[in-house]
Every structure is written in C-alpha cells, then in structure tokens.
file protein.csv (CSV, C-alpha atoms)
chain,number,residue,atom,x,y,z
A,1,MET,CA,3.0,5.9,27.2
A,2,SER,CA,5.0,7.8,24.5
A,3,GLU,CA,8.3,6.5,25.7
A,4,ASP,CA,7.0,2.9,25.7
A,5,SER,CA,5.7,3.2,22.2
A,6,ILE,CA,9.1,4.5,20.8
A,7,HIS,CA,11.1,1.9,22.6
A,8,HIS,CA,8.8,-1.0,21.9
A,9,ILE,CA,10.6,-3.4,19.7
A,10,VAL,CA,8.4,-5.9,18.0
A,11,PRO,CA,10.0,-9.4,18.1
A,12,LYS,CA,11.1,-10.8,14.7
A,13,SER,CA,9.0,-13.9,15.3
A,14,THR,CA,5.9,-11.6,15.1
A,15,TYR,CA,7.0,-10.3,11.7
A,16,TYR,CA,7.5,-13.8,10.4
A,17,LEU,CA,4.1,-14.8,11.6
A,18,ILE,CA,2.4,-11.8,10.0
A,19,PHE,CA,4.3,-12.6,6.8
A,20,CYS,CA,2.9,-16.1,6.7
A,21,ALA,CA,-0.6,-14.9,7.5
A,22,LEU,CA,-0.4,-12.4,4.6
A,23,ILE,CA,0.8,-15.1,2.1
A,24,ALA,CA,-1.9,-17.5,3.3
A,25,GLY,CA,-4.5,-14.7,2.9
A,26,THR,CA,-3.3,-14.1,-0.7
A,27,ALA,CA,-3.5,-17.8,-1.6
A,28,LEU,CA,-7.0,-18.0,0.0
A,29,THR,CA,-8.1,-14.9,-1.9
A,30,TRP,CA,-7.0,-16.5,-5.2
A,31,TRP,CA,-8.6,-19.8,-4.4
A,32,VAL,CA,-12.0,-18.3,-3.3
A,33,ALA,CA,-12.0,-16.1,-6.5
A,34,THR,CA,-12.2,-19.3,-8.7
A,35,ILE,CA,-15.4,-20.6,-6.9
A,36,ASP,CA,-18.7,-19.1,-7.9
A,37,LEU,CA,-20.4,-17.8,-4.7
A,38,GLY,CA,-22.4,-15.1,-6.3
A,39,PRO,CA,-22.3,-11.7,-4.5
A,40,MET,CA,-20.4,-13.4,-1.6
A,41,ASN,CA,-17.3,-13.5,-3.8
A,42,ASN,CA,-16.9,-9.7,-3.4
A,43,VAL,CA,-17.7,-9.8,0.3
A,44,ILE,CA,-15.1,-12.6,1.0
A,45,MET,CA,-12.5,-11.0,-1.2
A,46,LEU,CA,-12.8,-7.6,0.5
A,47,THR,CA,-12.9,-9.1,4.0
A,48,LEU,CA,-9.7,-10.9,3.3
A,49,ALA,CA,-8.1,-7.7,1.8
A,50,VAL,CA,-9.2,-5.6,4.8
A,51,THR,CA,-7.9,-8.3,7.2
A,52,LYS,CA,-4.5,-8.3,5.4
A,53,ALA,CA,-4.3,-4.5,5.4
A,54,THR,CA,-5.2,-4.5,9.2
A,55,LEU,CA,-2.3,-6.9,9.9
A,56,VAL,CA,0.1,-4.7,8.0
A,57,VAL,CA,-1.1,-1.6,9.8
A,58,LEU,CA,-1.1,-3.0,13.3
A,59,PHE,CA,2.2,-5.0,13.2
A,60,PHE,CA,4.5,-3.9,10.3
A,61,MET,CA,3.5,-0.3,10.8
A,62,HIS,CA,3.6,-0.6,14.6
A,63,VAL,CA,0.2,1.0,15.1
A,64,LYS,CA,-0.8,-1.6,17.7
A,65,TYR,CA,1.9,0.1,19.9
A,66,SER,CA,1.3,3.7,18.8
A,67,ASN,CA,-0.2,6.5,20.8
A,68,HIS,CA,-3.9,7.5,20.7
A,69,LEU,CA,-3.3,10.5,18.5
A,70,THR,CA,-2.0,8.2,15.7
A,71,TRP,CA,-5.0,6.0,16.1
A,72,ALA,CA,-7.3,9.0,15.9
A,73,VAL,CA,-5.6,10.1,12.6
A,74,ILE,CA,-5.9,6.7,11.0
A,75,LEU,CA,-9.5,6.1,12.1
A,76,GLY,CA,-10.3,9.6,10.9
A,77,ALA,CA,-8.9,8.7,7.4
A,78,ILE,CA,-11.0,5.5,7.3
A,79,PHE,CA,-14.1,7.4,8.4
A,80,TRP,CA,-13.7,10.1,5.7
A,81,LEU,CA,-12.9,7.4,3.1
A,82,LEU,CA,-16.1,5.6,4.0
A,83,ILE,CA,-18.0,8.9,3.7
A,84,MET,CA,-16.7,9.4,0.2
A,85,LEU,CA,-17.3,5.8,-1.0
A,86,GLY,CA,-20.5,5.3,0.9
A,87,LEU,CA,-22.4,8.5,0.1
A,88,THR,CA,-21.3,8.5,-3.5
A,89,MET,CA,-22.5,4.9,-4.0
A,90,ASN,CA,-25.6,5.8,-2.1
A,91,ASP,CA,-26.3,8.2,-5.0
A,92,TYR,CA,-25.3,5.9,-7.9
A,93,VAL,CA,-26.9,2.7,-6.6
A,94,THR,CA,-30.3,4.3,-5.8
A,95,ARG,CA,-30.8,6.3,-9.0
A,96,GLY,CA,-32.8,3.5,-10.6
A,97,TRP,CA,-35.1,3.2,-7.7
A,98,LEU,CA,-37.2,6.2,-8.6
A,99,HIS,CA,-39.5,6.3,-11.7
A,100,TYR,CA,-40.9,9.6,-12.7
A,101,GLY,CA,-44.0,10.3,-14.8
B,102,MET,CA,21.9,30.2,18.1
B,103,SER,CA,25.0,32.2,19.0
B,104,ASN,CA,24.3,32.8,22.6
B,105,GLY,CA,25.9,30.7,25.4
B,106,ALA,CA,22.6,29.0,26.5
B,107,ALA,CA,22.0,27.6,23.0
B,108,VAL,CA,25.6,26.2,22.8
B,109,ALA,CA,25.1,24.6,26.2
B,110,HIS,CA,21.8,23.2,25.0
B,111,ASP,CA,23.4,21.7,21.9
B,112,ALA,CA,26.2,20.2,23.9
B,113,HIS,CA,23.8,18.3,26.1
B,114,HIS,CA,21.6,16.8,23.5
B,115,ASN,CA,21.7,14.6,20.5
B,116,PRO,CA,22.8,16.7,17.5
B,117,ASN,CA,19.8,15.3,15.6
B,118,LEU,CA,17.3,16.8,18.1
B,119,ALA,CA,15.6,19.8,16.6
B,120,HIS,CA,15.3,22.9,18.7
B,121,HIS,CA,11.5,22.8,19.0
B,122,PHE,CA,11.4,19.3,20.5
B,123,GLU,CA,12.1,18.5,24.2
B,124,THR,CA,13.3,14.9,23.7
B,125,MET,CA,14.3,12.5,20.9
B,126,GLU,CA,11.2,10.5,21.8
B,127,GLN,CA,8.9,13.5,21.3
B,128,GLN,CA,10.6,14.2,18.0
B,129,THR,CA,10.2,10.6,16.8
B,130,GLU,CA,6.5,10.6,17.7
B,131,ALA,CA,6.0,13.8,15.8
B,132,SER,CA,7.7,12.4,12.7
B,133,ILE,CA,5.6,9.3,12.9
B,134,LEU,CA,2.4,11.3,13.3
B,135,GLY,CA,3.5,13.6,10.4
B,136,MET,CA,4.0,10.6,8.2
B,137,TRP,CA,0.6,9.3,9.0
B,138,VAL,CA,-1.0,12.6,8.2
B,139,PHE,CA,0.7,12.4,4.8
B,140,LEU,CA,-0.6,8.8,4.4
B,141,VAL,CA,-4.1,10.0,5.2
B,142,THR,CA,-3.9,12.2,2.1
B,143,GLU,CA,-2.6,9.2,0.2
B,144,ILE,CA,-5.5,7.0,1.4
B,145,LEU,CA,-8.0,9.6,0.1
B,146,PHE,CA,-6.0,10.1,-3.1
B,147,PHE,CA,-6.1,6.4,-4.0
B,148,GLY,CA,-9.7,6.4,-2.6
B,149,GLY,CA,-10.7,8.8,-5.3
B,150,ALA,CA,-9.4,6.4,-8.0
B,151,LEU,CA,-11.1,3.5,-6.2
B,152,MET,CA,-14.3,5.6,-6.2
B,153,ALA,CA,-14.2,5.7,-10.0
B,154,TYR,CA,-13.6,2.0,-10.1
B,155,MET,CA,-16.7,1.4,-7.9
B,156,VAL,CA,-19.0,3.6,-9.9
B,157,TYR,CA,-18.1,2.2,-13.3
B,158,ARG,CA,-18.1,-1.4,-12.0
B,159,SER,CA,-21.6,-0.9,-10.6
B,160,TRP,CA,-22.6,0.5,-14.0
B,161,TYR,CA,-20.9,-2.2,-16.1
B,162,PRO,CA,-20.5,-5.3,-13.9
B,163,GLU,CA,-20.4,-7.8,-16.8
B,164,ALA,CA,-17.8,-5.9,-18.8
B,165,PHE,CA,-15.6,-5.5,-15.6
B,166,ALA,CA,-15.8,-9.2,-14.8
B,167,LEU,CA,-15.0,-10.2,-18.4
B,168,ALA,CA,-12.2,-7.7,-18.9
B,169,SER,CA,-10.7,-8.7,-15.5
B,170,SER,CA,-10.7,-12.4,-16.4
B,171,HIS,CA,-8.5,-11.6,-19.4
B,172,ILE,CA,-5.7,-10.5,-17.1
B,173,ALA,CA,-3.2,-13.3,-16.3
B,174,ILE,CA,-3.4,-14.0,-12.5
B,175,LEU,CA,0.0,-15.5,-12.0
B,176,PRO,CA,2.2,-12.4,-12.5
B,177,GLY,CA,-0.1,-10.4,-10.3
B,178,ALA,CA,-0.1,-13.1,-7.6
B,179,ILE,CA,3.7,-13.4,-7.7
B,180,ASN,CA,3.9,-9.6,-7.4
B,181,THR,CA,1.6,-9.7,-4.4
B,182,GLY,CA,4.1,-12.2,-2.8
B,183,VAL,CA,7.1,-10.1,-3.8
B,184,LEU,CA,5.5,-7.0,-2.2
B,185,ILE,CA,4.5,-8.8,1.0
B,186,LEU,CA,8.1,-10.2,1.3
B,187,SER,CA,9.5,-6.7,0.7
B,188,SER,CA,7.3,-5.5,3.6
B,189,LEU,CA,8.8,-8.2,5.8
B,190,THR,CA,12.4,-7.1,4.9
B,191,MET,CA,11.4,-3.5,5.4
B,192,ALA,CA,10.0,-4.4,8.9
B,193,LEU,CA,13.3,-6.2,9.6
B,194,ALA,CA,15.3,-3.1,8.4
B,195,VAL,CA,13.4,-1.0,11.0
B,196,HIS,CA,14.0,-3.7,13.6
B,197,ALA,CA,17.7,-3.5,12.9
B,198,ALA,CA,17.6,0.3,13.1
B,199,GLN,CA,15.9,0.0,16.6
B,200,THR,CA,18.6,-2.3,17.8
B,201,GLY,CA,21.3,-0.3,16.1
B,202,GLU,CA,22.7,-3.0,13.8
B,203,ARG,CA,24.0,-0.8,10.9
B,204,THR,CA,25.1,-3.6,8.6
B,205,LYS,CA,21.8,-5.4,9.0
B,206,ILE,CA,19.8,-2.1,8.2
B,207,MET,CA,21.8,-1.7,5.0
B,208,PHE,CA,21.4,-5.4,4.1
B,209,PHE,CA,17.6,-5.3,4.6
B,210,ILE,CA,17.2,-2.0,2.7
B,211,VAL,CA,19.0,-3.4,-0.3
B,212,VAL,CA,16.9,-6.6,-0.2
B,213,THR,CA,13.8,-4.5,0.0
B,214,MET,CA,15.0,-2.4,-3.0
B,215,ILE,CA,15.7,-5.6,-5.0
B,216,LEU,CA,12.2,-6.9,-4.3
B,217,GLY,CA,10.7,-3.5,-5.2
B,218,ALA,CA,12.7,-3.5,-8.5
B,219,ALA,CA,11.5,-7.1,-9.2
B,220,PHE,CA,7.9,-5.9,-8.7
B,221,LEU,CA,8.4,-3.1,-11.2
B,222,GLY,CA,10.1,-5.6,-13.7
B,223,ILE,CA,7.1,-8.0,-13.5
B,224,LYS,CA,4.7,-5.0,-13.8
B,225,ALA,CA,6.5,-3.8,-16.9
B,226,TYR,CA,6.3,-7.4,-18.4
B,227,GLU,CA,2.5,-7.3,-17.7
B,228,TYR,CA,2.1,-3.9,-19.4
B,229,TYR,CA,4.0,-5.3,-22.4
B,230,GLU,CA,1.6,-8.3,-22.4
B,231,LYS,CA,-1.4,-5.9,-22.4
B,232,TYR,CA,0.2,-4.0,-25.3
B,233,GLU,CA,0.6,-7.3,-27.3
B,234,GLU,CA,-3.0,-8.3,-26.5
B,235,HIS,CA,-4.3,-4.9,-27.7
B,236,PHE,CA,-5.7,-4.1,-24.2
B,237,VAL,CA,-4.2,-0.6,-24.0
B,238,PRO,CA,-6.9,2.1,-24.4
B,239,GLY,CA,-5.8,5.4,-25.9
B,240,LEU,CA,-2.3,6.4,-26.9
B,241,GLY,CA,-3.4,6.0,-30.5
B,242,LEU,CA,-3.2,2.2,-30.2
B,243,ASP,CA,-5.8,-0.2,-31.4
B,244,PHE,CA,-7.9,-1.5,-28.5
B,245,ILE,CA,-9.3,-4.8,-29.6
B,246,PHE,CA,-11.5,-6.7,-27.1
B,247,PRO,CA,-12.3,-10.4,-28.0
B,248,GLU,CA,-16.0,-9.9,-27.2
B,249,PRO,CA,-17.0,-7.0,-29.5
B,250,GLU,CA,-20.2,-6.2,-27.5
B,251,TYR,CA,-17.9,-5.0,-24.6
B,252,GLN,CA,-15.5,-3.2,-26.8
B,253,GLN,CA,-16.4,0.2,-25.3
B,254,THR,CA,-17.0,-0.7,-21.7
B,255,ALA,CA,-13.9,-2.9,-21.5
B,256,GLN,CA,-11.9,0.2,-22.3
B,257,ILE,CA,-13.2,1.8,-19.2
B,258,PHE,CA,-12.0,-1.2,-17.1
B,259,PHE,CA,-8.5,-1.1,-18.7
B,260,SER,CA,-8.3,2.7,-18.4
B,261,ILE,CA,-8.9,2.3,-14.6
B,262,TYR,CA,-6.5,-0.7,-14.5
B,263,PHE,CA,-3.7,1.5,-16.0
B,264,VAL,CA,-4.4,4.5,-13.8
B,265,LEU,CA,-4.5,2.5,-10.6
B,266,THR,CA,-1.5,0.2,-11.3
B,267,GLY,CA,0.4,3.2,-12.9
B,268,LEU,CA,-0.1,5.4,-9.8
B,269,HIS,CA,0.9,2.4,-7.6
B,270,ALA,CA,4.0,1.8,-9.7
B,271,LEU,CA,4.9,5.5,-9.5
B,272,HIS,CA,4.7,5.2,-5.7
B,273,MET,CA,7.0,2.2,-5.9
B,274,ILE,CA,9.6,4.2,-7.9
B,275,VAL,CA,9.4,7.0,-5.3
B,276,GLY,CA,9.8,4.3,-2.6
B,277,LEU,CA,13.0,3.1,-4.3
B,278,GLY,CA,14.2,6.7,-4.3
B,279,ILE,CA,13.5,7.0,-0.5
B,280,MET,CA,15.3,3.7,0.2
B,281,THR,CA,18.3,4.9,-1.8
B,282,TRP,CA,18.3,8.0,0.4
B,283,MET,CA,18.0,6.0,3.6
B,284,PHE,CA,20.8,3.6,2.5
B,285,ILE,CA,23.1,6.6,2.1
B,286,TRP,CA,22.1,8.0,5.5
B,287,VAL,CA,22.8,4.7,7.2
B,288,LYS,CA,26.1,4.4,5.4
B,289,ASN,CA,27.3,7.9,6.2
B,290,GLY,CA,26.4,7.5,9.8
B,291,THR,CA,23.4,10.0,9.9
B,292,ILE,CA,21.3,7.2,11.2
B,293,THR,CA,22.2,6.1,14.8
B,294,LYS,CA,20.6,3.9,17.5
B,295,ASP,CA,19.0,7.1,18.9
B,296,TYR,CA,18.1,8.6,15.6
B,297,PHE,CA,16.3,6.1,13.4
B,298,ALA,CA,13.0,7.9,12.8
B,299,PRO,CA,13.8,8.4,9.1
B,300,ILE,CA,14.0,4.6,8.6
B,301,GLU,CA,10.8,4.1,10.6
B,302,ILE,CA,8.8,6.6,8.6
B,303,SER,CA,10.2,5.4,5.3
B,304,GLY,CA,9.0,2.0,6.3
B,305,LEU,CA,5.5,3.4,6.9
B,306,TYR,CA,5.5,4.7,3.4
B,307,TRP,CA,6.7,1.4,2.0
B,308,HIS,CA,4.1,-0.6,3.9
B,309,PHE,CA,1.4,1.8,2.7
B,310,VAL,CA,2.3,1.1,-0.9
B,311,ASP,CA,2.0,-2.6,-0.1
B,312,ILE,CA,-1.5,-2.1,1.4
B,313,VAL,CA,-2.6,-0.4,-1.8
B,314,TRP,CA,-1.5,-3.4,-3.8
B,315,ILE,CA,-3.3,-5.8,-1.4
B,316,PHE,CA,-6.6,-4.1,-2.5
B,317,LEU,CA,-5.6,-3.7,-6.2
B,318,PHE,CA,-4.8,-7.4,-6.7
B,319,PRO,CA,-8.2,-8.8,-6.0
B,320,LEU,CA,-10.1,-5.8,-7.4
B,321,LEU,CA,-8.3,-5.9,-10.8
B,322,TYR,CA,-7.2,-9.5,-11.3
B,323,LEU,CA,-9.8,-11.7,-9.6
B,324,ILE,CA,-13.3,-10.2,-10.0
B,325,GLY,CA,-14.3,-12.3,-13.1
B,326,ARG,CA,-12.7,-15.7,-12.3
B,327,HIS,CA,-15.8,-17.4,-10.8
B,328,VAL,CA,-17.9,-16.7,-13.9
B,329,HIS,CA,-15.4,-16.6,-16.8
B,330,HIS,CA,-12.6,-19.2,-17.3
B,331,VAL,CA,-10.5,-17.7,-20.0

call {"tool": "encode", "arguments": {"input": "protein.csv", "output": "structure tokens"}}
result
Amino acid sequence: MSEDSIHHIVPKSTYYLIFCALIAGTALTWWVATIDLGPMNNVIMLTLAVTKATLVVLFFMHVKYSNHLTWAVILGAIFWLLIMLGLTMNDYVTRGWLHYG
Amino acid sequence: MSNGAAVAHDAHHNPNLAHHFETMEQQTEASILGMWVFLVTEILFFGGALMAYMVYRSWYPEAFALASSHIAILPGAINTGVLILSSLTMALAVHAAQTGERTKIMFFIVVTMILGAAFLGIKAYEYYEKYEEHFVPGLGLDFIFPEPEYQQTAQIFFSIYFVLTGLHALHMIVGLGIMTWMFIWVKNGTITKDYFAPIEISGLYWHFVDIVWIFLFPLLYLIGRHVHHV
C-alpha cells in the first residue's frame, strides 16, 4: 500500500479536469450569489466551497491515493473543527431561546 | 557514524535517506504525514478566525451583508482564478518532480510564483481601494460607512475582512519563500527523481493556502449580493 501511494503518479489530464471543475465552481458560486434564495444562498455557497476544497484535497494534494493514516489525520482535523464551530454556535444561536423572570 | 557498518550503510543507500528510516518510501510518507499534521494546526488556526466571523455574522447579519456588498467582486474573483491556476501549476511541478523532469519543475515553480505574486499585487490594489473608500477600521484612519446606522457594526466586518485576508496574504508570502527555496534545491541538484518529497510537501502547503481562499471568497465578497446591489 505505501509503495503504491508514493509511486502513484496522477495523470496530467486529471489535473486539467479538476482545474476546469474549480473554475466552473467559482463561476457558479458568483452567479448563485446574485440570485435571492433566502437562507439557501448560504447553503449553496458553502456546499460549492466544500466541494471545491474536497477536489483540491483529493486530487491536487493526492489524498485519494494516500494511506489510511493520512486520512485519519485529515478527518480528525475536520472533526475537531466542526466541534469548535458547532458547539460554539450552539451556544450563541440558542441564547435568545430562554427567557428568564 | 564513524564505524564501518555505518559507512557501508551510507554507501548502499540514497544520501538523502535519513538514518531513522528504512526506505525512501517510508521517509517520503513520514514527510507527507508530518506536513499534514502541520496543516491540521493551520486548519484550526484559520478555523478560529472563521469562528469569530460566524459569531459576529450571526449577531449582525444585515451589517455583514451590506458591508460585504461594498466590496468589488471582480478583483476577488480574478484572484480566485489566479490561485486555482497556481494550484494547477503547482500540481504540474510535483508531477514533473515525480517523473524527474528538472527543467519542467523549475518552469512550473516559477509560473506558480508569478501567479502567487500576481495574487498579492491584486490584493494590495484591493487594500488601497478600501483605504480610498474609508473602509479601513483602526490605524487612526477615518472609517466612514455610507449607511450611518451600520457605522459601528460594519467596522466589525471590515476588521474580520482584514484579519482573514491579511493572514491569508501572509501565508502567500511564506509560500513564495518556500517556492524560492525549492527552486534553489532543484537548481543545485538536491532534488532528484528519488528525492522529491520537499516539492511534494511544499505543494501541500500551497494547495492548503488555495483552499483557505476558496472559503474566504464567498464568505467575504458574496454574502450580500442577493439583497444589496451596490
């Protein structure tokens, strides 16, 4: 497994394809931002950003071909990031829900 | 190091293979993993700044949308394209390193650096624009927001704008330094077909900085466009 991942050379055509997808994703993000979709604007914008980031990580950064330890480290980072963002927002967003007195 | 066994060991192996590794493959994998561990700290570092953005945006959504709509999209969009293109040329530099094409590695590193410098140039122009428009909070400058009722809260948005884009630009400058270093290493023959891990992990850093911008572009430039057409 480890030797395969080191010697795996991603074909240039894959890089060109990912580049085109990233540019298309950017254009789509810009276009969607000009249409009023209410709260969905944020959802679509972030979905596109996460998709673009995933393409960069998997192909440009070769993670698709990396070993399981690298995957564990990256998934761990995302998990802890979501704990920070999620639990903090859980506090701030719900503060107005309680009314005392 | 001075005993016979060690000398024999060195003679049999790639001079770039450190003593504590069995093979070049193992060493390369360790370098890649090490770089990823560093990038984890970077993810959480930018995550902290993003956290501030999320909390303040949830408190002042109108001010954030309005302030964001005062930022010109075009330079930001061009910069997004420039960075994505630089990620492509970086990936091609790593590809050339894997196939051992020295001239191509140097060519693609230089193109990547030119694109990185172009990004910083456009960014500097944008900062100057903010200065002209009185959108710079602090530094003893007059912050003047066109809608006076958001004078205070818009400053929070622009403070976060400058912190996030500033930290990102700082990472770009560091990236240019790393690329200069890698160019020298390719030129002086340190990088070989069997020892290209430094190019690979420098690429990881460069792509990471690209990913940060992929999030910053919509979050800073595009959140107010569907409601405000400035």

call {"tool": "residues_around", "arguments": {"input": "protein.csv", "residues": "Ala192 (chain B)", "least_positions_apart": "4", "cutoff": "10 Å", "atoms": "only C-alpha atoms", "output": "list of chain:residue names"}}
result
A:Val10, A:Lys12, A:Tyr15, A:Tyr16, A:Val56, A:Phe59, A:Phe60, A:Met61, A:His62, B:Leu186, B:Ser187, B:Ser188, B:His196, B:Ala197, B:Ala198, B:Phe209, B:Ile210, B:Thr213, B:Ile300, B:Glu301, B:Gly304, B:Leu305, B:Trp307, B:His308

call {"tool": "residues_near_point", "arguments": {"input": "protein.csv", "point": "(0.0, -1.0, 0.9)", "cutoff": "10 Å", "atoms": "only C-alpha atoms", "output": "PyMOL selection string"}}
result
(chain A and resi 52-53+56-57) or (chain B and resi 144+184-185+188+269+305-317)

call {"tool": "closest_residue", "arguments": {"input": "protein.csv", "among": "B:Leu321, B:Met283, B:Ala218, B:Val212", "to": "Ala33 (chain A)", "atoms": "only C-alpha atoms"}}
result
B:Leu321

call {"tool": "interface_residues", "arguments": {"input": "protein.csv", "of": "chain B", "to": "chain A", "cutoff": "9 Å", "atoms": "only C-alpha atoms", "output": "ChimeraX atom specification"}}
result
/B:126-127,129-130,133-134,137-138,140-142,144-145,148-149,151-152,155-156,159-160,174,178,181-182,185-186,188-189,191-193,196,199-200,301-302,304-305,308-309,311-313,315-316,319-320,323-328,330

call {"tool": "residues_near_point", "arguments": {"input": "protein.csv", "point": "(-4.1, -9.8, -23.0)", "cutoff": "10 Å", "atoms": "only C-alpha atoms", "output": "list in words"}}
result
Ala168, Ser170, His171, Ile172, Ala173, Glu227, Tyr228, Tyr229, Glu230, Lys231, Tyr232, Glu233, Glu234, His235, Phe236, Val237, Ile245, Phe246 and Pro247 of chain B

call {"tool": "atom_distance", "arguments": {"input": "protein.csv", "atom1": "CA of Ala166 (chain B)", "atom2": "CA of Arg95 (chain A)"}}
result
22.3 Å

call {"tool": "atom_distance", "arguments": {"input": "protein.csv", "atom1": "CA of Gly177 (chain B)", "atom2": "CA of Phe259 (chain B)"}}
result
15.1 Å
